[in-house]
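Chemist: Got a structure for you, entry-v5.cif, holding mmCIF, C-alpha atoms and all ligand atoms.
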data_upload
loop_
_atom_site.label_atom_id
_atom_site.label_comp_id
_atom_site.auth_asym_id
_atom_site.auth_seq_id
_atom_site.Cartn_x
_atom_site.Cartn_y
_atom_site.Cartn_z
CA MET A 1 14.99 20.19 -19.66
CA LYS A 2 13.45 23.53 -18.61
CA LEU A 3 11.56 25.32 -21.38
CA GLU A 4 13.25 28.68 -20.73
CA VAL A 5 16.65 27.30 -21.74
CA LEU A 6 15.43 25.42 -24.81
CA GLY A 7 16.00 26.98 -28.22
CA ARG A 8 15.81 30.71 -28.73
CA GLU A 9 13.32 33.56 -28.58
CA ALA A 10 11.19 33.67 -31.73
CA VAL A 11 11.16 36.65 -34.07
CA LEU A 12 7.76 35.86 -35.56
CA GLN A 13 5.51 36.84 -32.65
CA ARG A 14 3.05 39.55 -31.69
CA PRO A 15 2.38 40.08 -27.97
CA GLU A 16 -1.18 41.04 -26.99
CA PRO A 17 -2.18 43.36 -24.14
CA SER A 18 -3.91 40.36 -22.54
CA GLY A 19 -0.52 38.75 -21.94
CA ARG A 20 -1.04 36.16 -24.62
CA VAL A 21 1.24 36.03 -27.64
CA ILE A 22 0.16 35.48 -31.25
CA CYS A 23 2.58 33.34 -33.21
CA THR A 24 2.95 34.73 -36.75
CA ALA A 25 5.03 31.91 -38.21
CA CYS A 26 2.10 30.10 -39.80
CA ALA A 27 -1.48 30.71 -40.79
CA ARG A 28 -2.87 29.09 -37.66
CA TYR A 29 -1.88 32.24 -35.75
CA CYS A 30 -2.02 30.40 -32.43
CA ARG A 31 -2.84 32.66 -29.44
CA ILE A 32 -0.60 31.23 -26.77
CA GLY A 33 -0.79 31.88 -23.04
CA GLU A 34 2.00 31.69 -20.49
CA GLY A 35 3.40 28.17 -20.22
CA GLN A 36 1.42 26.97 -23.24
CA ILE A 37 2.67 25.54 -26.53
CA GLY A 38 1.27 26.05 -30.04
CA LEU A 39 -0.30 23.30 -32.11
CA CYS A 40 2.99 22.45 -33.84
CA GLY A 41 4.53 21.56 -30.48
CA VAL A 42 7.76 23.51 -30.97
CA ARG A 43 6.79 27.13 -30.19
CA GLY A 44 5.53 28.27 -26.83
CA VAL A 45 5.39 31.16 -24.38
CA VAL A 46 7.89 31.45 -21.53
CA ASN A 47 8.06 34.57 -19.36
CA GLY A 48 5.73 36.44 -21.71
CA ARG A 49 7.76 35.83 -24.85
CA LEU A 50 7.44 33.23 -27.61
CA ARG A 51 10.30 30.76 -27.94
CA LEU A 52 11.25 28.43 -30.77
CA PHE A 53 12.21 25.37 -28.75
CA VAL A 54 13.81 23.47 -31.64
CA TYR A 55 16.18 26.25 -32.63
CA GLY A 56 19.55 24.46 -32.89
CA ARG A 57 18.14 20.94 -32.80
CA VAL A 58 17.89 18.61 -35.80
CA ILE A 59 15.97 15.32 -35.73
CA THR A 60 17.25 13.96 -39.04
CA GLY A 61 19.73 14.74 -41.82
CA HIS A 62 20.19 13.02 -45.18
CA VAL A 63 21.80 13.81 -48.51
CA ASP A 64 19.17 13.60 -51.26
CA PRO A 65 19.01 14.49 -54.93
CA ILE A 66 17.07 17.71 -55.53
CA GLU A 67 14.71 15.68 -57.73
CA LYS A 68 13.47 13.89 -54.61
CA LYS A 69 11.92 17.09 -53.19
CA PRO A 70 10.58 17.10 -56.01
CA VAL A 71 12.26 19.97 -57.85
CA THR A 72 12.97 19.55 -61.56
CA HIS A 73 13.42 23.11 -62.85
CA TYR A 74 16.02 24.43 -60.42
CA MET A 75 19.66 23.35 -60.24
CA PRO A 76 18.97 19.85 -61.59
CA GLY A 77 21.05 16.99 -60.27
CA SER A 78 22.10 18.91 -57.14
CA LYS A 79 23.05 17.09 -53.96
CA ILE A 80 20.97 18.53 -51.17
CA PHE A 81 21.64 18.16 -47.47
CA SER A 82 18.14 17.73 -46.07
CA ILE A 83 17.18 18.41 -42.46
CA ALA A 84 14.10 18.55 -40.24
CA THR A 85 13.08 19.26 -36.68
CA THR A 86 10.25 17.62 -34.80
CA GLY A 87 6.71 19.01 -34.98
CA CYS A 88 4.33 20.25 -37.67
CA ASN A 89 1.49 22.73 -38.09
CA TRP A 90 -0.58 20.19 -40.04
CA LEU A 91 -2.05 16.90 -38.81
CA CYS A 92 -2.03 14.88 -42.03
CA ALA A 93 -3.56 11.45 -41.60
CA TYR A 94 -1.39 10.08 -44.45
CA CYS A 95 1.96 11.58 -43.40
CA GLN A 96 4.90 9.39 -44.38
CA ASN A 97 7.12 11.23 -41.88
CA PHE A 98 4.62 11.10 -39.02
CA ASP A 99 7.24 9.81 -36.60
CA ILE A 100 9.00 13.17 -36.95
CA SER A 101 6.18 15.55 -37.78
CA GLN A 102 3.59 14.39 -35.28
CA ARG A 103 6.06 14.05 -32.44
CA ARG A 104 5.16 16.74 -29.94
CA LYS A 105 8.52 16.52 -28.22
CA VAL A 106 11.62 18.63 -28.59
CA GLU A 107 14.20 16.04 -29.60
CA GLY A 108 17.21 15.64 -31.88
CA VAL A 109 20.91 16.35 -31.95
CA GLU A 110 22.18 19.81 -31.13
CA ALA A 111 23.32 21.61 -34.27
CA SER A 112 24.03 25.31 -34.49
CA PRO A 113 23.45 27.02 -37.86
CA GLU A 114 27.24 26.96 -38.36
CA GLN A 115 27.36 23.21 -37.71
CA VAL A 116 24.54 22.48 -40.17
CA VAL A 117 26.34 24.42 -42.89
CA GLU A 118 29.64 22.69 -42.05
CA MET A 119 27.93 19.31 -42.34
CA ALA A 120 26.41 20.23 -45.71
CA LEU A 121 29.83 21.28 -47.00
CA LYS A 122 31.52 18.21 -45.55
CA TYR A 123 29.22 16.00 -47.63
CA LYS A 124 29.91 18.14 -50.71
CA SER A 125 26.29 19.24 -51.00
CA ASP A 126 25.14 21.95 -53.36
CA GLY A 127 22.47 23.18 -50.98
CA ILE A 128 20.31 22.63 -47.92
CA ALA A 129 16.67 21.55 -47.89
CA TYR A 130 14.34 22.13 -44.96
CA THR A 131 11.96 19.24 -45.37
CA TYR A 132 10.31 16.11 -43.88
CA ASN A 133 8.29 18.35 -41.52
CA GLU A 134 6.88 21.84 -42.20
CA PRO A 135 9.81 24.28 -42.15
CA SER A 136 7.84 27.48 -41.54
CA ILE A 137 7.40 26.37 -37.92
CA PHE A 138 11.17 26.71 -37.45
CA MET A 139 11.55 29.68 -39.79
CA GLU A 140 14.02 31.59 -37.57
CA TYR A 141 16.39 28.60 -37.36
CA ALA A 142 16.11 27.99 -41.13
CA HIS A 143 16.77 31.70 -41.71
CA ASP A 144 19.99 31.71 -39.71
CA ILE A 145 21.23 28.51 -41.37
CA GLY A 146 20.17 29.79 -44.79
CA VAL A 147 21.96 33.13 -44.52
CA LEU A 148 25.21 31.34 -43.62
CA ALA A 149 24.65 28.72 -46.30
CA ARG A 150 24.32 31.37 -48.99
CA ARG A 151 27.60 32.92 -47.90
CA SER A 152 29.19 29.51 -48.49
CA GLY A 153 27.70 29.26 -51.97
CA LEU A 154 24.90 26.84 -51.05
CA ILE A 155 21.29 27.12 -52.19
CA ASN A 156 18.30 26.85 -49.81
CA ILE A 157 15.11 24.93 -50.54
CA PHE A 158 11.85 24.53 -48.62
CA VAL A 159 9.55 21.59 -49.09
CA THR A 160 6.49 23.19 -47.58
CA ASN A 161 2.74 23.08 -47.23
CA GLY A 162 2.69 26.85 -47.90
CA TYR A 163 0.48 27.52 -44.88
CA TRP A 164 2.43 30.65 -44.05
CA THR A 165 1.89 34.29 -43.17
CA PRO A 166 3.13 37.52 -44.81
CA ASP A 167 5.73 37.77 -42.00
CA SER A 168 7.04 34.31 -42.86
CA VAL A 169 7.24 35.15 -46.55
CA LYS A 170 9.24 38.26 -45.72
CA MET A 171 11.73 36.30 -43.65
CA ALA A 172 12.00 33.52 -46.24
CA GLY A 173 12.71 36.11 -48.92
CA GLU A 174 15.98 36.90 -47.13
CA PHE A 175 17.54 33.48 -47.72
CA LEU A 176 15.33 31.08 -49.68
CA ASP A 177 16.08 30.24 -53.33
CA CYS A 178 13.43 27.65 -54.11
CA ALA A 179 10.21 26.28 -52.63
CA THR A 180 8.15 23.31 -53.66
CA VAL A 181 4.67 23.93 -52.29
CA ASP A 182 2.74 20.74 -51.58
CA PHE A 183 -0.99 20.68 -52.04
CA LYS A 184 -2.79 17.54 -50.93
CA GLY A 185 -6.00 16.34 -52.53
CA SER A 186 -5.71 19.46 -54.75
CA GLY A 187 -6.55 21.61 -51.71
CA GLU A 188 -10.22 20.58 -51.80
CA LYS A 189 -12.03 21.93 -48.74
CA GLU A 190 -13.59 18.77 -47.39
CA PHE A 191 -10.34 16.83 -47.78
CA VAL A 192 -8.14 19.40 -46.02
CA ARG A 193 -10.64 19.74 -43.16
CA ARG A 194 -10.98 16.05 -42.55
CA TYR A 195 -7.49 14.72 -43.23
CA ILE A 196 -5.22 17.71 -42.49
CA GLY A 197 -7.07 19.63 -39.80
CA ILE A 198 -7.18 23.08 -41.43
CA PRO A 199 -10.35 25.03 -42.36
CA ASP A 200 -9.35 25.58 -46.00
CA ALA A 201 -6.42 26.05 -48.36
CA GLU A 202 -6.86 29.82 -48.82
CA PRO A 203 -3.68 30.80 -46.90
CA ILE A 204 -1.61 28.68 -49.29
CA PHE A 205 -2.86 30.67 -52.27
CA GLN A 206 -2.14 33.91 -50.41
CA THR A 207 1.40 32.67 -49.65
CA LEU A 208 2.00 31.86 -53.31
CA LEU A 209 0.88 35.35 -54.34
CA GLU A 210 3.11 36.95 -51.70
CA ILE A 211 6.07 34.86 -52.83
CA ARG A 212 5.37 35.79 -56.47
CA ASP A 213 5.08 39.52 -55.74
CA LYS A 214 7.64 40.08 -53.02
CA THR A 215 10.48 37.57 -53.46
CA LYS A 216 12.63 35.93 -56.10
CA ILE A 217 11.99 32.42 -54.84
CA HIS A 218 11.67 29.79 -57.58
CA LEU A 219 8.33 27.95 -57.19
CA GLU A 220 7.18 24.47 -58.06
CA ILE A 221 3.80 23.00 -57.15
CA THR A 222 3.06 19.46 -56.05
CA ASP A 223 -0.28 17.80 -55.42
CA LEU A 224 -0.56 14.52 -53.53
CA ILE A 225 -3.42 12.53 -55.05
CA VAL A 226 -4.99 10.26 -52.44
CA PRO A 227 -7.26 7.62 -53.98
CA GLU A 228 -10.94 7.48 -53.00
CA ILE A 229 -10.78 10.56 -50.74
CA GLY A 230 -8.54 13.16 -52.41
CA ASP A 231 -8.55 12.52 -56.14
CA SER A 232 -11.28 14.84 -57.43
CA LEU A 233 -10.65 15.82 -61.03
CA GLU A 234 -12.76 18.97 -60.63
CA ALA A 235 -10.59 20.08 -57.69
CA ALA A 236 -7.44 19.39 -59.72
CA ARG A 237 -8.84 21.47 -62.57
CA ARG A 238 -9.54 24.39 -60.22
CA LEU A 239 -6.02 24.18 -58.82
CA CYS A 240 -4.41 24.01 -62.26
CA ARG A 241 -6.48 26.92 -63.49
CA TRP A 242 -5.42 28.99 -60.49
CA VAL A 243 -1.75 28.13 -61.07
CA TYR A 244 -2.02 29.00 -64.76
CA GLU A 245 -3.73 32.34 -64.12
CA ASN A 246 -1.61 33.42 -61.16
CA LEU A 247 1.80 31.81 -61.51
CA GLY A 248 1.89 31.26 -65.27
CA PRO A 249 1.90 28.35 -67.74
CA GLU A 250 5.58 27.60 -67.20
CA THR A 251 5.14 26.73 -63.50
CA PRO A 252 6.09 23.07 -63.00
CA ILE A 253 3.39 20.94 -61.37
CA HIS A 254 3.91 17.42 -59.99
CA PHE A 255 1.12 14.97 -59.24
CA LEU A 256 2.40 12.60 -56.59
CA ARG A 257 1.41 9.02 -55.98
CA PHE A 258 0.11 8.25 -52.50
CA HIS A 259 1.21 5.11 -50.70
CA PRO A 260 -0.58 3.81 -47.60
CA ASP A 261 0.90 5.19 -44.39
CA TYR A 262 0.12 6.31 -40.82
CA LYS A 263 -3.68 6.40 -40.32
CA LEU A 264 -4.61 5.62 -43.93
CA LEU A 265 -3.17 2.14 -44.24
CA HIS A 266 -6.49 0.84 -45.54
CA LEU A 267 -6.28 2.86 -48.77
CA PRO A 268 -4.56 1.52 -51.92
CA TRP A 269 -1.71 3.19 -53.78
CA THR A 270 -2.95 5.81 -56.23
CA PRO A 271 -3.64 4.09 -59.55
CA VAL A 272 -1.23 5.35 -62.21
CA GLU A 273 -4.19 5.99 -64.55
CA THR A 274 -5.62 8.44 -61.98
CA LEU A 275 -2.36 10.39 -61.98
CA GLU A 276 -2.32 10.38 -65.77
CA ARG A 277 -5.84 11.83 -65.82
CA HIS A 278 -4.73 14.62 -63.50
CA CYS A 279 -1.80 15.36 -65.81
CA GLU A 280 -4.13 15.49 -68.77
CA ILE A 281 -6.29 18.05 -67.01
CA ALA A 282 -3.25 20.17 -66.16
CA ARG A 283 -2.29 20.20 -69.83
CA GLN A 284 -5.85 21.06 -70.88
CA GLU A 285 -5.65 24.04 -68.53
CA GLY A 286 -2.51 25.20 -70.31
CA LEU A 287 0.27 24.15 -67.92
CA GLN A 288 3.35 23.20 -69.93
CA TYR A 289 5.49 21.27 -67.45
CA VAL A 290 3.44 18.52 -65.88
CA TYR A 291 5.01 15.60 -64.02
CA ILE A 292 4.10 12.39 -62.26
CA GLY A 293 6.00 11.70 -59.03
CA ASN A 294 6.68 8.43 -57.17
CA VAL A 295 6.24 6.26 -60.27
CA PRO A 296 9.84 5.52 -61.36
CA GLY A 297 10.18 4.91 -65.08
CA HIS A 298 6.94 6.66 -66.05
CA ARG A 299 7.21 8.73 -69.24
CA LEU A 300 5.83 11.78 -67.37
CA GLU A 301 8.98 11.99 -65.27
CA ASN A 302 10.56 13.48 -68.40
CA THR A 303 10.48 17.11 -69.48
CA TYR A 304 8.89 17.61 -72.89
CA CYS A 305 9.55 20.62 -75.09
CA PRO A 306 6.35 22.68 -75.51
CA GLY A 307 7.68 23.80 -78.91
CA CYS A 308 8.19 20.46 -80.69
CA GLY A 309 7.03 17.84 -78.17
CA GLU A 310 10.43 16.11 -77.94
CA VAL A 311 11.84 14.81 -74.65
CA VAL A 312 14.45 17.37 -73.59
CA VAL A 313 15.31 15.97 -70.16
CA GLU A 314 15.03 12.23 -69.68
CA ARG A 315 14.72 11.00 -66.10
CA HIS A 316 14.31 7.77 -64.20
CA GLY A 317 13.29 8.24 -60.58
CA TYR A 318 15.65 10.85 -59.21
CA ASP A 319 18.27 10.37 -61.92
CA ILE A 320 18.87 12.43 -65.04
CA LEU A 321 19.58 10.04 -67.90
CA ASP A 322 19.81 12.46 -70.80
CA TRP A 323 19.96 16.23 -71.26
CA ARG A 324 19.00 17.53 -74.68
CA LEU A 325 19.25 21.27 -74.09
CA ASP A 326 21.93 23.61 -75.34
CA GLU A 327 24.13 25.82 -73.15
CA LYS A 328 21.23 28.28 -72.70
CA ASN A 329 18.75 25.52 -71.88
CA ARG A 330 17.02 25.69 -75.25
CA CYS A 331 15.67 22.59 -76.97
CA ILE A 332 18.42 21.32 -79.28
CA LYS A 333 15.82 20.36 -81.88
CA CYS A 334 13.61 23.47 -82.17
CA GLY A 335 15.36 26.12 -80.01
CA HIS A 336 12.42 26.63 -77.62
CA GLY A 337 13.67 28.03 -74.28
CA ILE A 338 12.97 25.71 -71.33
CA PRO A 339 12.65 27.51 -67.97
CA ILE A 340 15.12 25.40 -66.01
CA VAL A 341 17.58 27.29 -63.80
CA GLY A 342 21.06 25.78 -64.07
CA ARG A 343 22.58 22.77 -65.79
CA PRO A 344 22.83 19.24 -64.37
CA ARG A 345 25.44 18.86 -61.66
CA HIS A 346 25.39 15.10 -61.20
CA ARG A 347 24.03 12.28 -63.28
CA ARG A 348 23.62 8.58 -62.82
CA VAL A 349 26.99 6.88 -63.21
CA ASN A 350 27.15 3.31 -64.49
CA GLY A 351 23.56 2.78 -63.47
CA ARG A 352 24.28 3.54 -59.80
CA SER A 353 22.82 6.25 -57.64
CA ARG A 354 25.22 8.96 -56.48
CA PHE A 355 23.53 9.58 -53.18
CA ILE A 356 24.47 7.41 -50.26
CA PRO A 357 24.81 8.92 -46.82
CA VAL A 358 22.34 9.02 -44.00
CA ILE A 359 23.99 11.38 -41.57
CA TRP A 360 21.67 11.99 -38.67
CA ASP A 361 18.80 9.64 -38.01
S1 LIG B 1 3.94 27.81 -36.13
FE1 LIG B 1 3.08 26.51 -34.50
S2 LIG B 1 2.65 27.90 -32.79
FE2 LIG B 1 2.96 29.16 -34.61
S3 LIG B 1 0.89 29.51 -35.40
FE3 LIG B 1 1.71 27.72 -36.47
S4 LIG B 1 1.05 25.94 -35.27
FE4 LIG B 1 0.76 27.75 -33.99
#
Could you take the file, read its structure, and then write that structure out as structure tokens?

Modeler:
Amino acid sequence: MKLEVLGREAVLQRPEPSGRVICTACARYCRIGEGQIGLCGVRGVVNGRLRLFVYGRVITGHVDPIEKKPVTHYMPGSKIFSIATTGCNWLCAYCQNFDISQRRKVEGVEASPEQVVEMALKYKSDGIAYTYNEPSIFMEYAHDIGVLARRSGLINIFVTNGYWTPDSVKMAGEFLDCATVDFKGSGEKEFVRRYIGIPDAEPIFQTLLEIRDKTKIHLEITDLIVPEIGDSLEAARRLCRWVYENLGPETPIHFLRFHPDYKLLHLPWTPVETLERHCEIARQEGLQYVYIGNVPGHRLENTYCPGCGEVVVERHGYDILDWRLDEKNRCIKCGHGIPIVGRPRHRRVNGRSRFIPVIWD
């Protein structure tokens, strides 16, 4: 297919007098010449203007629980229609979705913003997640879906690496309700250079500050702990301290277990004790809502009340097993307010998961 008919002209672009165009969707700020394509593989210059080639094209669609993102403090138990396009602005050597994210081809089924929203409603979803690959690279498409979704009463969630720009934050502020921002290896410089292909994590911190100051987007932080190469406790402490000082002690943080994938098949799964040590450090730094992810049944999947130490939300994997908060989300034992937006929408029924469909794959 000819590039000039693929997708739609991008909004996030800045033409230069030289004839090149700077893409302002992500912090790579690719300078793209005529006929060239940016590093993500889905934005390129045609006839002097930047196009988003994957506008209107979805490579996968599933219905997931919101807890899978992971998001635990926003609309718990929600069913989330989750979509992705091809491409990514990062080159993670451990990516579990590499088949989608590292594919430098414009592929997938055609789906207008209206059709994506219709599909989400058809499957009785509570919202739409833009996930599996980095959504800021298709920000304009997500924006148009998200605006329509909101009109239909759906929430919008990004699962993102946070490697954005102020222009991207501004656009996201128009439709996004929640973002879970994924650090890897606690954002440690050597790790992100070698295994992600970015110079440093500084733009992620800038994005978080912009989101905090200029939007109402609910934020959660995740940190993928990769054994042997991305499990520094000092780096985790620096990250937790930054989150505490800049986003506040009530910001949820999730330490995720790595499993061998893509180019890092030789590494083991993250030992559970390593994740527990990271959680301990987060608590020492004053963070009050600290979770372990990808270890179903672990006690640190639960939410504990900072007031009395009791379990207030009991979870197993993506399921909510028990909810011990009153109608204003206060601990029923001591009355401490827990910063969770919303009440559970779905719970595990008779021990069976409520989420079944794989819609586009
Ligand atoms: S979104 Fe893609 S084209 Fe734009 S700056 Fe990032 S990697 Fe480059």

Chemist: Write out as a PyMOL selection string each polymer residue whose atoms come within 12 Å of A:Thr160, counting only C-alpha atoms; drop sequence neighbours fewer than 2 positions from it.

Modeler: chain A and resi 26+69-70+84+88-90+129-139+157-158+162-164+172+178-184+204+207-208+219-223

Chemist: Taking only C-alpha atoms and all ligand atoms into account, report as a ChimeraX atom specification which residues have an atom no farther than 8 Å from an atom of ligand LIG 1 (chain B).

Modeler: /A:22-32,37-44,88-90,136-138

Chemist: Given 5 Å on each side, where is the centre and what are the edge lengths in Å to one decimal of the axis-aligned box enclosing the listed atoms of stretch 149-164 of chain A, as AutoDock Vina command-line options?

Modeler:
--center_x 14.8 --center_y 27.3 --center_z -48.1 --size_x 38.7 --size_y 21.3 --size_z 18.1

Chemist: Using only C-alpha atoms, determine which residues lie at most 8 Å from stretch 338-340 of chain A, disregarding the query and same-chain residues fewer than 6 positions distant; provide the list as a list of chain:residue names.

Modeler: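 With the cut-off at 8 Å, the set is A:Thr72, A:His73, A:Tyr74, A:Met75, A:Glu250, A:Cys305, A:Asn329, A:Arg330, A:Cys331.
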
Chemist: Could you work out how far atom CA of A:Arg57 lies from atom CA of A:Glu110, giving the answer in Å with one decimal?

Modeler: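 Calculated distance between atom CA of A:Glu110 and atom CA of A:Arg57 is 4.5 Å.
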
Chemist: Which polymer residues have any atom within 6 Å of an atom of A:Ile225, counting all atoms listed in the file, with same-chain residues fewer than 2 positions away left out, as an MDAnalysis selection string?

Modeler: chainID A and resid 185 230:231

Chemist: Determine, counting only C-alpha atoms, which protein, DNA and RNA residues have an atom within 7 Å of an atom of A:Val290; residues of the same chain fewer than 4 positions away are not included. Present the result as a PyMOL selection string.

Modeler: chain A and resi 252-254+279+282

Chemist: Could you pull the residues within 6 Å of stretch 269-276 of chain A, counting only C-alpha atoms, minus those fewer than 5 positions along the same chain, as a count of residues only?

Modeler: 4

Chemist: Any idea what the distance is between atom CA of A:Leu265 and atom CA of A:Gln102?

Modeler: 16.6 Å

Chemist: Could you tell me how far atom CA of A:Arg103 lies from atom CA of A:Thr86, in Å and to one decimal?

Modeler: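 Atom CA of A:Arg103 sits 6.0 Å away from atom CA of A:Thr86.
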
Chemist: Using all atoms listed in the file, I'd like a table of the residues in stretch 253-300 of chain A that come within 10 Å of stretch 314-322 of chain A; for each, show the closest atom pair and its distance in Å rounded to one decimal, ordered by chain and ascending number, as a tab-separated table.

Modeler:
residue	atom	partner	partner_atom	distance
A:Gly293	CA	A:Gly317	CA	8.2
A:Asn294	CA	A:Gly317	CA	7.4
A:Val295	CA	A:Gly317	CA	7.3
A:Pro296	CA	A:Gly317	CA	4.5
A:Gly297	CA	A:His316	CA	5.1
A:His298	CA	A:His316	CA	7.7
A:Arg299	CA	A:Arg315	CA	8.5
A:Leu300	CA	A:Arg315	CA	9.0

Chemist: Measuring atom to atom with all atoms listed in the file, identify which of A:Cys92, A:Leu224, A:Val159, A:Cys240 is nearest to A:Glu67.

Modeler: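 Of A:Cys92, A:Leu224, A:Val159, A:Cys240, the one nearest A:Glu67 is A:Val159, counting all atoms listed in the file.
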
Chemist: So, with only C-alpha atoms as the atoms that count, which of A:Glu228, A:Asp99, A:Glu9, A:Glu188 lies closest to A:Asp200?

Modeler: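 Smallest distance to A:Asp200 is found for A:Glu188.
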
Chemist: Considering only C-alpha atoms, state which residue in the set A:Arg194, A:Glu285, A:Met119, A:Tyr94 is at the smallest distance from A:Pro268.

Modeler: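 Nearest to A:Pro268: A:Tyr94.
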
Chemist: For the point (18.0, 31.4, -49.6) in the file's frame, write as a PDB file with C-alpha atoms, in the frame of the given file all residues with an atom no more than 7 Å away, counting all atoms listed in the file.

Modeler:
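See point_29.pdb below for the written result:
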ATOM      1  CA  GLY A 146      20.170  29.790 -44.790  1.00  0.00           C
ATOM      2  CA  VAL A 147      21.960  33.130 -44.520  1.00  0.00           C
ATOM      3  CA  ARG A 150      24.320  31.370 -48.990  1.00  0.00           C
ATOM      4  CA  ILE A 155      21.290  27.120 -52.190  1.00  0.00           C
ATOM      5  CA  ASN A 156      18.300  26.850 -49.810  1.00  0.00           C
ATOM      6  CA  GLU A 174      15.980  36.900 -47.130  1.00  0.00           C
ATOM      7  CA  PHE A 175      17.540  33.480 -47.720  1.00  0.00           C
ATOM      8  CA  LEU A 176      15.330  31.080 -49.680  1.00  0.00           C
ATOM      9  CA  ASP A 177      16.080  30.240 -53.330  1.00  0.00           C
TER      10      ASP A 177
END

Chemist: Out of A:Ala93, A:Ile83, A:Pro199, A:Ser125, which residue has the shortest atom-to-atom distance to A:Ala142 when counting all atoms listed in the file?

Modeler: A:Ile83

Chemist: Measuring atom to atom with only C-alpha atoms, identify which of A:Val46, A:Ile211, A:Met171, A:Val58 is nearest to A:Val21.

Modeler: A:Val46

Chemist: Can you work out which one of A:Ala236, A:Gly87, A:Tyr195, A:Ser82 has the shortest atom-to-atom distance to A:Val116, counting all atoms listed in the file?

Modeler: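 Looking at the shortest contact to A:Val116, the residue is A:Ser82.
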